[in-house]
Amino acid sequence: MSASIPTETEKTPALVVNGVSHSFGDRKVLDRVSLTVEQGAFVVLLGLNGAGKSTLFSLITRLYDNVTGEIFIRGFDVRRRPSQALQRLGVVFQSRTLDIDLTLMQNLKYHAALHGFSGKKATDRAKQALELVGLADRANEKVRALSGGQLRRVEIARSMMHHPDLLLLDEATVGLDLGSRESVIKIVRDLVSKDRIGVLWATHLMDEVLRTDQVVILHKGVILYNGPVPQLLTLTGTSSVREAFRTVTGTKSTIEEAA
Amino acid sequence: MSSQAATTAPGGVPVMYHESDDDARRRLGAAGYFACFKGIVWREILRYLHQRERFLSALVRPLIWLFIFAAGFRQTLGISIIPPYETYVLYEEFIAPGLIAMILLFNAMQSSLSMVYDRETGTMRTLLVSPFPRSFLLLSKLLGGVSVALLQAYAFMLVAWFWGIAPPPITEVKLFTFYDPPSWTGSLIPTMTDPVVTSLFSVPSIIQPFAGYITVIPAIVLAGLMLGSLALFMSSVIKQLENFAGVMNFVIFPMFFASSALYPLWRIREASPMLFEICRLNPFTYAVELIRFGLYGQVDTVSLAVVVGCTAAFLAAAVFAYNPSKGLIARRGGPGGSA
């Protein structure tokens, strides 16, 4: 039985993207993108709107297949073994995806069903996930009654219900006030440190990057930098991620010419 | 099993353990499939029950046709005795199956539009990111829509029953086959050839008075599946969220009016042979006939074959469109075409 899954070990990275390119017609959206999210790592994917972040997320979540390159979630190829890969994946999409007329519990139980849980097990998971984001007391309220930040927290709870190894968040803090933003970020960072899940956090808000994070700068479909924050600052001779981002993306043309 | 229970860390924050491989596999077993199916169908029903306007409009629309349109047309249209009718029927009784099919049609198109909307808001993506096979997810979603349509159809039939429009008692369930080459659509027009009637089984006397309400279920489910899979396919083809008026003008109205829903086809043939041919090519006609025969405890083989065939074709097209490697969404660039 155990021999059928040889790839997954303690050290298997949560996510490996290897040489992925993608085009829509003639428009090349991603060009040989490679990145790794280790277990317990918080990786920030920095990019402006249209950089290719959403396309990359669509490929990782298998909305459509990558034509070139490979994507592994905890060692499972997303194309060849989609069920095993998707089972280990939790996603918070940029757009709101909860049914506002239903209660928090009904929403979460729907998601539990999508992962094969039913009955008491689904209820337990839902309660547990709501505790995680501090909304357990509002389980039977309608989603409509929640604020923007609380909505996001429910979506994080939902994405964690099936205990994934990899959590993708696409611009999770957009449109939130400062307090909500901080609480959302804190919840996710806690998941990383306590649970050792791997997080890929896509954003265009530079102030969300901590010095301990790994940062990936995606610009016009090309990865311009991939590594720790201090090294990025040293390389660019800047003192903030914002400046470093400007420097890196601004010199893009010369990098391309050199390559 | 024990390894995946949650414990609480010293700080009071729940810690989630990673699931063992065995547990993960078990979740994708038969019980997991059933849980997933149930969850998707239940969500459709819950959502529907929370949208009272949708419930009301779905009920009011066919009732207006029944009470106003049918009352007005009763005098101008004579209905000849064609199967499944064994005696003259009121026009109201004739259009009731067509109106049930109309409920299915509207429901399917509305859910198709909601899928286009879902695709843009991300709800569809939450569905598609589930580890179960995509065709299974889409089929479950389809059956969820059909369940909602079934509820609507029964609400309509209940009101019609109060109005005195109900299927007759049924003593046995029969299979009707018309050998009427080259048209093969003998049920649509009175023919000289008698249909071959095969008795399938007799109905216990205790349920005979309302057996039509039961025998119509498979017909409604099949017709709902056919229209639902057509709508599902459309939802992948329609690029942006378009207004309902467009779908209404270009899909619902032509399908509904160029069919046997409102008038018997032999009447249409007298008026316009070309329109008759169009109606005969319209799959919706066969959905209507399947329901019409179903209400009378009968199965019309031609309608059954056409509806099953069309369902298979539309479903295959829809699954293809949502296929991650070849599908239309992949080619076009995903939800809303955003990069």
# chains A, B, ... in the order shown; residues from 1 in each chain; ligands from 1
>>> residues_around(residues="stretch 246-250 of chain A", least_positions_apart="2", cutoff="7 Å", atoms="only C-alpha atoms", output="PyMOL selection string")
chain A and resi 219+224+236+242-244+252
>>> closest_atom_pairs(of="stretch 88-119 of chain B", to="stretch 44-62 of chain B", cutoff="8 Å", atoms="only C-alpha atoms", output="Markdown table")
| residue | atom | partner | partner_atom | distance |
| --- | --- | --- | --- | --- |
| B:Leu99 | CA | B:Pro62 | CA | 5.6 |
| B:Ile100 | CA | B:Pro62 | CA | 7.7 |
| B:Met102 | CA | B:Pro62 | CA | 7.4 |
| B:Ile103 | CA | B:Ala58 | CA | 6.7 |
| B:Phe106 | CA | B:Ala58 | CA | 7.9 |
| B:Asn107 | CA | B:Ala58 | CA | 7.8 |
>>> residues_around(residues="stretch 140-146 of chain B", least_positions_apart="2", cutoff="6 Å", atoms="only C-alpha atoms", output="ChimeraX atom specification")
/B:37,41,44,137-138,148-149,224
>>> write_last_selection(atoms="C-alpha atoms", output="mmCIF file, in the first residue's frame")
data_model
loop_
_atom_site.group_PDB
_atom_site.id
_atom_site.type_symbol
_atom_site.label_atom_id
_atom_site.label_comp_id
_atom_site.auth_asym_id
_atom_site.auth_seq_id
_atom_site.Cartn_x
_atom_site.Cartn_y
_atom_site.Cartn_z
ATOM 1 C CA PHE B 37 -22.134 14.749 -4.622
ATOM 2 C CA VAL B 41 -26.586 19.140 -4.666
ATOM 3 C CA GLU B 44 -27.765 24.243 -4.981
ATOM 4 C CA LEU B 137 -17.911 17.665 -10.254
ATOM 5 C CA LEU B 138 -19.669 19.078 -13.301
ATOM 6 C CA VAL B 148 -33.931 22.511 -8.048
ATOM 7 C CA ALA B 149 -35.882 22.252 -11.308
ATOM 8 C CA GLY B 224 -33.414 18.568 -17.095
#
>>> select_by_dssp(residues="stretch 132-323 of chain B", states="alpha helix (DSSP H)", output="ChimeraX atom specification")
/B:134-162,211-237,244-247,253-257,265-271,273-281,283-295,301-321
>>> write_last_selection(atoms="C-alpha atoms", output="mmCIF file, in the first residue's frame")
data_model
loop_
_atom_site.group_PDB
_atom_site.id
_atom_site.type_symbol
_atom_site.label_atom_id
_atom_site.label_comp_id
_atom_site.auth_asym_id
_atom_site.auth_seq_id
_atom_site.Cartn_x
_atom_site.Cartn_y
_atom_site.Cartn_z
ATOM 1 C CA ARG B 134 -13.754 17.341 -12.992
ATOM 2 C CA SER B 135 -16.406 15.483 -14.995
ATOM 3 C CA PHE B 136 -17.818 14.157 -11.725
ATOM 4 C CA LEU B 137 -17.911 17.665 -10.254
ATOM 5 C CA LEU B 138 -19.669 19.078 -13.301
ATOM 6 C CA LEU B 139 -22.181 16.231 -13.386
ATOM 7 C CA SER B 140 -22.913 16.724 -9.689
ATOM 8 C CA LYS B 141 -23.454 20.420 -10.249
ATOM 9 C CA LEU B 142 -25.773 19.566 -13.113
ATOM 10 C CA LEU B 143 -27.808 17.187 -10.990
ATOM 11 C CA GLY B 144 -27.991 19.866 -8.304
ATOM 12 C CA GLY B 145 -29.606 22.141 -10.868
ATOM 13 C CA VAL B 146 -31.980 19.371 -11.921
ATOM 14 C CA SER B 147 -33.025 18.840 -8.282
ATOM 15 C CA VAL B 148 -33.931 22.511 -8.048
ATOM 16 C CA ALA B 149 -35.882 22.252 -11.308
ATOM 17 C CA LEU B 150 -37.709 19.202 -9.981
ATOM 18 C CA LEU B 151 -38.796 21.184 -6.905
ATOM 19 C CA GLN B 152 -40.060 23.966 -9.145
ATOM 20 C CA ALA B 153 -41.915 21.531 -11.398
ATOM 21 C CA TYR B 154 -43.682 19.988 -8.417
ATOM 22 C CA ALA B 155 -44.673 23.387 -7.065
ATOM 23 C CA PHE B 156 -46.181 24.132 -10.482
ATOM 24 C CA MET B 157 -47.962 20.785 -10.702
ATOM 25 C CA LEU B 158 -49.417 21.330 -7.241
ATOM 26 C CA VAL B 159 -50.948 24.669 -8.218
ATOM 27 C CA ALA B 160 -52.178 23.146 -11.485
ATOM 28 C CA TRP B 161 -53.767 20.351 -9.476
ATOM 29 C CA PHE B 162 -55.774 22.881 -7.468
ATOM 30 C CA ALA B 211 -49.016 7.547 -10.506
ATOM 31 C CA GLY B 212 -48.453 10.175 -13.226
ATOM 32 C CA TYR B 213 -46.692 12.380 -10.701
ATOM 33 C CA ILE B 214 -44.212 9.578 -10.114
ATOM 34 C CA THR B 215 -43.744 8.318 -13.654
ATOM 35 C CA VAL B 216 -42.940 11.858 -14.788
ATOM 36 C CA ILE B 217 -39.876 12.036 -12.508
ATOM 37 C CA PRO B 218 -37.458 10.159 -14.802
ATOM 38 C CA ALA B 219 -38.700 12.220 -17.736
ATOM 39 C CA ILE B 220 -38.105 15.500 -15.868
ATOM 40 C CA VAL B 221 -34.678 14.372 -14.690
ATOM 41 C CA LEU B 222 -33.616 13.339 -18.194
ATOM 42 C CA ALA B 223 -34.989 16.466 -19.843
ATOM 43 C CA GLY B 224 -33.414 18.568 -17.095
ATOM 44 C CA LEU B 225 -30.075 16.886 -17.651
ATOM 45 C CA MET B 226 -30.247 17.525 -21.380
ATOM 46 C CA LEU B 227 -31.037 21.229 -20.963
ATOM 47 C CA GLY B 228 -28.616 21.532 -18.056
ATOM 48 C CA SER B 229 -25.711 20.085 -19.996
ATOM 49 C CA LEU B 230 -26.521 22.375 -22.908
ATOM 50 C CA ALA B 231 -26.436 25.288 -20.484
ATOM 51 C CA LEU B 232 -23.211 24.041 -18.920
ATOM 52 C CA PHE B 233 -21.606 23.983 -22.322
ATOM 53 C CA MET B 234 -22.928 27.476 -23.006
ATOM 54 C CA SER B 235 -21.462 28.707 -19.739
ATOM 55 C CA SER B 236 -18.006 27.815 -20.963
ATOM 56 C CA VAL B 237 -18.569 29.425 -24.359
ATOM 57 C CA PHE B 244 -30.263 37.449 -19.505
ATOM 58 C CA ALA B 245 -32.096 39.153 -22.373
ATOM 59 C CA GLY B 246 -29.575 37.853 -24.883
ATOM 60 C CA VAL B 247 -29.960 34.268 -23.795
ATOM 61 C CA PHE B 253 -37.613 31.834 -27.007
ATOM 62 C CA PRO B 254 -36.630 30.004 -30.204
ATOM 63 C CA MET B 255 -36.351 26.700 -28.361
ATOM 64 C CA PHE B 256 -39.647 27.138 -26.604
ATOM 65 C CA PHE B 257 -41.774 28.459 -29.453
ATOM 66 C CA LEU B 265 -46.971 19.658 -34.360
ATOM 67 C CA TRP B 266 -49.533 18.410 -36.885
ATOM 68 C CA ARG B 267 -51.197 21.780 -36.511
ATOM 69 C CA ILE B 268 -47.929 23.521 -37.238
ATOM 70 C CA ARG B 269 -47.431 21.360 -40.306
ATOM 71 C CA GLU B 270 -50.762 22.565 -41.655
ATOM 72 C CA ALA B 271 -49.654 26.143 -41.153
ATOM 73 C CA PRO B 273 -44.187 22.815 -43.304
ATOM 74 C CA MET B 274 -40.858 24.491 -42.805
ATOM 75 C CA LEU B 275 -41.574 25.469 -39.220
ATOM 76 C CA PHE B 276 -42.706 21.910 -38.694
ATOM 77 C CA GLU B 277 -39.327 20.625 -39.829
ATOM 78 C CA ILE B 278 -37.557 23.085 -37.524
ATOM 79 C CA CYS B 279 -39.675 21.945 -34.597
ATOM 80 C CA ARG B 280 -38.872 18.366 -35.419
ATOM 81 C CA LEU B 281 -35.154 19.119 -35.297
ATOM 82 C CA PRO B 283 -34.309 18.732 -29.083
ATOM 83 C CA PHE B 284 -36.620 20.678 -26.787
ATOM 84 C CA THR B 285 -39.602 19.159 -28.630
ATOM 85 C CA TYR B 286 -38.511 15.728 -27.489
ATOM 86 C CA ALA B 287 -38.000 16.914 -23.920
ATOM 87 C CA VAL B 288 -41.603 18.139 -23.973
ATOM 88 C CA GLU B 289 -42.881 14.890 -25.462
ATOM 89 C CA LEU B 290 -40.930 12.784 -22.978
ATOM 90 C CA ILE B 291 -42.577 14.687 -20.128
ATOM 91 C CA ARG B 292 -45.987 14.568 -21.810
ATOM 92 C CA PHE B 293 -45.828 10.792 -22.135
ATOM 93 C CA GLY B 294 -44.278 10.483 -18.684
ATOM 94 C CA LEU B 295 -47.254 12.198 -17.078
ATOM 95 C CA THR B 301 -39.029 5.539 -27.464
ATOM 96 C CA VAL B 302 -38.130 8.168 -30.047
ATOM 97 C CA SER B 303 -38.215 11.028 -27.524
ATOM 98 C CA LEU B 304 -36.284 8.944 -25.043
ATOM 99 C CA ALA B 305 -33.595 8.143 -27.605
ATOM 100 C CA VAL B 306 -33.289 11.760 -28.759
ATOM 101 C CA VAL B 307 -33.113 13.154 -25.226
ATOM 102 C CA VAL B 308 -30.551 10.590 -24.076
ATOM 103 C CA GLY B 309 -28.474 11.117 -27.221
ATOM 104 C CA CYS B 310 -28.538 14.905 -26.936
ATOM 105 C CA THR B 311 -27.667 14.734 -23.232
ATOM 106 C CA ALA B 312 -24.626 12.606 -24.012
ATOM 107 C CA ALA B 313 -23.528 14.962 -26.784
ATOM 108 C CA PHE B 314 -24.006 18.196 -24.806
ATOM 109 C CA LEU B 315 -22.385 16.708 -21.725
ATOM 110 C CA ALA B 316 -19.372 15.554 -23.695
ATOM 111 C CA ALA B 317 -19.058 19.051 -25.168
ATOM 112 C CA ALA B 318 -19.312 20.633 -21.709
ATOM 113 C CA VAL B 319 -16.730 18.308 -20.174
ATOM 114 C CA PHE B 320 -14.452 19.022 -23.112
ATOM 115 C CA ALA B 321 -14.888 22.752 -22.660
#
>>> closest_atom_pairs(of="chain A", to="chain B", cutoff="7 Å", atoms="only C-alpha atoms", output="tab-separated table")
residue	atom	partner	partner_atom	distance
A:Phe24	CA	B:Gly333	CA	6.0
A:Val29	CA	B:Ala339	CA	7.0
A:Gly50	CA	B:Ala339	CA	5.9
A:Gly52	CA	B:Ala339	CA	5.7
A:Ser54	CA	B:Ala339	CA	5.8
A:Thr55	CA	B:Ala339	CA	5.2
A:Thr61	CA	B:Val129	CA	6.0
A:Arg62	CA	B:Pro324	CA	6.6
A:Leu63	CA	B:Pro324	CA	5.8
A:Tyr64	CA	B:Pro324	CA	3.8
A:Asp65	CA	B:Ser325	CA	4.8
A:Pro82	CA	B:Pro131	CA	6.8
A:Ser83	CA	B:Pro131	CA	4.3
A:Gln84	CA	B:Pro131	CA	7.0
A:Leu86	CA	B:Pro131	CA	5.0
A:Gln87	CA	B:Pro131	CA	5.4
A:Phe93	CA	B:Gly122	CA	6.8
A:Ser95	CA	B:Thr121	CA	5.4
A:Arg96	CA	B:Thr121	CA	6.3
A:Thr97	CA	B:Thr123	CA	4.8
A:Asp101	CA	B:His50	CA	6.6
A:Tyr110	CA	B:Gly39	CA	5.3
A:Ala113	CA	B:Cys36	CA	4.4
A:Leu114	CA	B:Cys36	CA	4.9
A:His115	CA	B:Ser130	CA	6.1
A:Gly116	CA	B:Gly32	CA	3.9
A:Phe117	CA	B:Ala35	CA	6.1
A:Ser118	CA	B:Ala35	CA	5.5
A:Leu132	CA	B:Pro14	CA	6.3
A:His163	CA	B:His18	CA	6.0
A:Lys194	CA	B:Val15	CA	7.0
A:Asp195	CA	B:Val15	CA	6.3
>>> write_last_selection(atoms="N, CA and C atoms", output="JSON list (two decimals), in the first residue's frame")
[["chain", "number", "residue", "atom", "x", "y", "z"],
["A", 24, "PHE", "N", -1.27, 32.67, -24.08],
["A", 24, "PHE", "CA", -2.63, 32.70, -24.60],
["A", 24, "PHE", "C", -2.53, 33.23, -26.01],
["A", 29, "VAL", "N", 2.48, 34.80, -21.37],
["A", 29, "VAL", "CA", 2.15, 35.35, -20.05],
["A", 29, "VAL", "C", 3.17, 34.92, -19.00],
["A", 50, "GLY", "N", -1.14, 42.07, -13.80],
["A", 50, "GLY", "CA", -0.78, 41.68, -15.15],
["A", 50, "GLY", "C", 0.60, 41.06, -15.25],
["A", 52, "GLY", "N", 1.40, 38.14, -14.31],
["A", 52, "GLY", "CA", 1.28, 36.71, -14.57],
["A", 52, "GLY", "C", 0.97, 35.91, -13.32],
["A", 54, "SER", "N", -1.85, 35.63, -11.59],
["A", 54, "SER", "CA", -3.11, 34.88, -11.65],
["A", 54, "SER", "C", -3.00, 33.68, -12.57],
["A", 55, "THR", "N", -2.26, 33.84, -13.67],
["A", 55, "THR", "CA", -2.06, 32.71, -14.57],
["A", 55, "THR", "C", -1.31, 31.60, -13.86],
["A", 61, "THR", "N", -3.51, 25.60, -9.54],
["A", 61, "THR", "CA", -4.80, 25.05, -9.10],
["A", 61, "THR", "C", -5.44, 24.20, -10.20],
["A", 62, "ARG", "N", -4.77, 24.07, -11.32],
["A", 62, "ARG", "CA", -5.20, 23.25, -12.44],
["A", 62, "ARG", "C", -6.55, 23.68, -13.02],
["A", 63, "LEU", "N", -6.76, 24.99, -13.07],
["A", 63, "LEU", "CA", -7.90, 25.45, -13.84],
["A", 63, "LEU", "C", -7.65, 25.09, -15.30],
["A", 64, "TYR", "N", -6.43, 25.26, -15.72],
["A", 64, "TYR", "CA", -5.98, 24.69, -16.99],
["A", 64, "TYR", "C", -4.56, 24.18, -16.82],
["A", 65, "ASP", "N", -4.15, 23.33, -17.76],
["A", 65, "ASP", "CA", -2.88, 22.64, -17.61],
["A", 65, "ASP", "C", -1.70, 23.47, -18.10],
["A", 82, "PRO", "N", -3.59, 14.71, -10.47],
["A", 82, "PRO", "CA", -4.28, 15.91, -9.97],
["A", 82, "PRO", "C", -5.00, 15.70, -8.65],
["A", 83, "SER", "N", -5.61, 14.52, -8.45],
["A", 83, "SER", "CA", -6.37, 14.32, -7.21],
["A", 83, "SER", "C", -5.47, 14.43, -6.00],
["A", 84, "GLN", "N", -4.34, 13.72, -6.04],
["A", 84, "GLN", "CA", -3.42, 13.74, -4.89],
["A", 84, "GLN", "C", -2.85, 15.14, -4.68],
["A", 86, "LEU", "N", -4.22, 18.10, -5.64],
["A", 86, "LEU", "CA", -5.23, 19.07, -5.20],
["A", 86, "LEU", "C", -5.68, 18.81, -3.76],
["A", 87, "GLN", "N", -5.58, 17.54, -3.34],
["A", 87, "GLN", "CA", -5.92, 17.22, -1.96],
["A", 87, "GLN", "C", -5.02, 17.94, -0.96],
["A", 93, "PHE", "N", -8.83, 32.58, -3.14],
["A", 93, "PHE", "CA", -8.82, 33.32, -4.39],
["A", 93, "PHE", "C", -8.99, 34.81, -4.13],
["A", 95, "SER", "N", -10.99, 36.89, -5.68],
["A", 95, "SER", "CA", -12.39, 37.28, -5.62],
["A", 95, "SER", "C", -13.09, 36.53, -4.50],
["A", 96, "ARG", "N", -14.17, 37.10, -4.02],
["A", 96, "ARG", "CA", -14.91, 36.49, -2.92],
["A", 96, "ARG", "C", -15.64, 35.25, -3.43],
["A", 97, "THR", "N", -15.57, 34.18, -2.66],
["A", 97, "THR", "CA", -16.15, 32.94, -3.16],
["A", 97, "THR", "C", -17.11, 32.30, -2.18],
["A", 101, "ASP", "N", -25.70, 34.32, 1.21],
["A", 101, "ASP", "CA", -27.02, 34.03, 1.81],
["A", 101, "ASP", "C", -26.97, 32.85, 2.77],
["A", 110, "TYR", "N", -20.06, 22.84, 2.81],
["A", 110, "TYR", "CA", -20.02, 22.63, 1.35],
["A", 110, "TYR", "C", -18.58, 22.35, 0.92],
["A", 113, "ALA", "N", -17.49, 18.94, 1.89],
["A", 113, "ALA", "CA", -18.02, 17.94, 0.97],
["A", 113, "ALA", "C", -17.16, 17.86, -0.29],
["A", 114, "LEU", "N", -16.70, 19.00, -0.77],
["A", 114, "LEU", "CA", -15.86, 19.01, -1.97],
["A", 114, "LEU", "C", -14.57, 18.23, -1.74],
["A", 115, "HIS", "N", -14.23, 18.05, -0.47],
["A", 115, "HIS", "CA", -13.03, 17.26, -0.16],
["A", 115, "HIS", "C", -13.38, 15.90, 0.42],
["A", 116, "GLY", "N", -14.64, 15.51, 0.33],
["A", 116, "GLY", "CA", -15.01, 14.15, 0.70],
["A", 116, "GLY", "C", -15.39, 13.95, 2.15],
["A", 117, "PHE", "N", -15.57, 15.04, 2.91],
["A", 117, "PHE", "CA", -15.99, 14.89, 4.30],
["A", 117, "PHE", "C", -17.50, 15.05, 4.40],
["A", 118, "SER", "N", -18.11, 14.30, 5.33],
["A", 118, "SER", "CA", -19.53, 14.50, 5.55],
["A", 118, "SER", "C", -19.84, 14.30, 7.02],
["A", 132, "LEU", "N", -9.65, 28.49, 14.44],
["A", 132, "LEU", "CA", -8.33, 28.90, 13.96],
["A", 132, "LEU", "C", -8.31, 30.37, 13.58],
["A", 163, "HIS", "N", -6.70, 20.41, 5.80],
["A", 163, "HIS", "CA", -5.32, 20.31, 6.27],
["A", 163, "HIS", "C", -4.32, 20.21, 5.12],
["A", 194, "LYS", "N", 3.56, 27.56, 13.15],
["A", 194, "LYS", "CA", 3.10, 26.50, 14.04],
["A", 194, "LYS", "C", 2.83, 25.20, 13.31],
["A", 195, "ASP", "N", 2.30, 25.31, 12.08],
["A", 195, "ASP", "CA", 1.85, 24.13, 11.36],
["A", 195, "ASP", "C", 2.82, 23.67, 10.28]]
>>> atom_distance(atom1="atom CA of A:Gln94", atom2="atom CA of A:Ala172")
6.0 Å
>>> select_by_dssp(residues="stretch 20-231 of chain A", states="strand (DSSP E or B)", output="PyMOL selection string")
chain A and resi 20-24+27-37+42-46+70-73+76-77+89-92+103+142+166-170+198-203+214-219+222-228
>>> residues_around(residues="stretch 66-75 of chain A", least_positions_apart="2", cutoff="6 Å", atoms="only C-alpha atoms", output="list of chain:residue names")
A:Thr7, A:Glu8, A:Thr12, A:Pro13, A:Ala14, A:Leu15, A:Val16, A:Val17, A:Asn18, A:Gly19, A:Val20, A:Ser21, A:Leu59, A:Asp77, A:Val78, A:Ala85
>>> atom_distance(atom1="atom CA of A:Arg138", atom2="atom CA of A:Asp190")
21.5 Å
>>> residues_around(residues="A:Lys127", least_positions_apart="5", cutoff="8 Å", atoms="only C-alpha atoms", output="list in words")
Met105, Ala136 and Ala139 of chain A
>>> atom_distance(atom1="atom CA of A:Asn226", atom2="atom CA of A:His162")
29.4 Å
>>> decode(residues="stretch 71-85 of chain A", atoms="N, CA and C atoms", output="PDB file, in the first residue's frame")
ATOM      1  N   ILE A  71       4.747  21.091 -12.457  1.00  0.00           N
ATOM      2  CA  ILE A  71       4.333  21.656 -11.169  1.00  0.00           C
ATOM      3  C   ILE A  71       4.065  20.501 -10.218  1.00  0.00           C
ATOM      4  N   PHE A  72       4.723  20.509  -9.068  1.00  0.00           N
ATOM      5  CA  PHE A  72       4.518  19.458  -8.062  1.00  0.00           C
ATOM      6  C   PHE A  72       3.994  20.072  -6.778  1.00  0.00           C
ATOM      7  N   ILE A  73       2.932  19.488  -6.238  1.00  0.00           N
ATOM      8  CA  ILE A  73       2.494  19.860  -4.896  1.00  0.00           C
ATOM      9  C   ILE A  73       2.844  18.686  -3.990  1.00  0.00           C
ATOM     10  N   ARG A  74       3.764  18.896  -3.060  1.00  0.00           N
ATOM     11  CA  ARG A  74       4.256  17.838  -2.167  1.00  0.00           C
ATOM     12  C   ARG A  74       4.662  16.600  -2.963  1.00  0.00           C
ATOM     13  N   GLY A  75       5.285  16.826  -4.082  1.00  0.00           N
ATOM     14  CA  GLY A  75       5.793  15.725  -4.871  1.00  0.00           C
ATOM     15  C   GLY A  75       4.824  15.140  -5.880  1.00  0.00           C
ATOM     16  N   PHE A  76       3.591  15.612  -5.883  1.00  0.00           N
ATOM     17  CA  PHE A  76       2.616  15.064  -6.837  1.00  0.00           C
ATOM     18  C   PHE A  76       2.465  16.001  -8.026  1.00  0.00           C
ATOM     19  N   ASP A  77       2.690  15.472  -9.190  1.00  0.00           N
ATOM     20  CA  ASP A  77       2.570  16.237 -10.421  1.00  0.00           C
ATOM     21  C   ASP A  77       1.108  16.646 -10.611  1.00  0.00           C
ATOM     22  N   VAL A  78       0.873  17.945 -10.759  1.00  0.00           N
ATOM     23  CA  VAL A  78      -0.497  18.460 -10.853  1.00  0.00           C
ATOM     24  C   VAL A  78      -1.216  17.910 -12.079  1.00  0.00           C
ATOM     25  N   ARG A  79      -0.466  17.670 -13.147  1.00  0.00           N
ATOM     26  CA  ARG A  79      -1.112  17.161 -14.358  1.00  0.00           C
ATOM     27  C   ARG A  79      -1.336  15.661 -14.304  1.00  0.00           C
ATOM     28  N   ARG A  80      -0.335  14.929 -13.794  1.00  0.00           N
ATOM     29  CA  ARG A  80      -0.441  13.474 -13.847  1.00  0.00           C
ATOM     30  C   ARG A  80      -1.240  12.913 -12.693  1.00  0.00           C
ATOM     31  N   ARG A  81      -1.128  13.524 -11.526  1.00  0.00           N
ATOM     32  CA  ARG A  81      -1.848  13.021 -10.361  1.00  0.00           C
ATOM     33  C   ARG A  81      -2.627  14.160  -9.703  1.00  0.00           C
ATOM     34  N   PRO A  82      -3.588  14.709 -10.465  1.00  0.00           N
ATOM     35  CA  PRO A  82      -4.278  15.911  -9.973  1.00  0.00           C
ATOM     36  C   PRO A  82      -5.000  15.701  -8.647  1.00  0.00           C
ATOM     37  N   SER A  83      -5.613  14.520  -8.450  1.00  0.00           N
ATOM     38  CA  SER A  83      -6.369  14.319  -7.214  1.00  0.00           C
ATOM     39  C   SER A  83      -5.475  14.432  -5.998  1.00  0.00           C
ATOM     40  N   GLN A  84      -4.336  13.716  -6.038  1.00  0.00           N
ATOM     41  CA  GLN A  84      -3.423  13.736  -4.893  1.00  0.00           C
ATOM     42  C   GLN A  84      -2.850  15.137  -4.683  1.00  0.00           C
ATOM     43  N   ALA A  85      -2.558  15.807  -5.800  1.00  0.00           N
ATOM     44  CA  ALA A  85      -1.978  17.143  -5.684  1.00  0.00           C
ATOM     45  C   ALA A  85      -3.004  18.117  -5.094  1.00  0.00           C
TER      46      ALA A  85
END
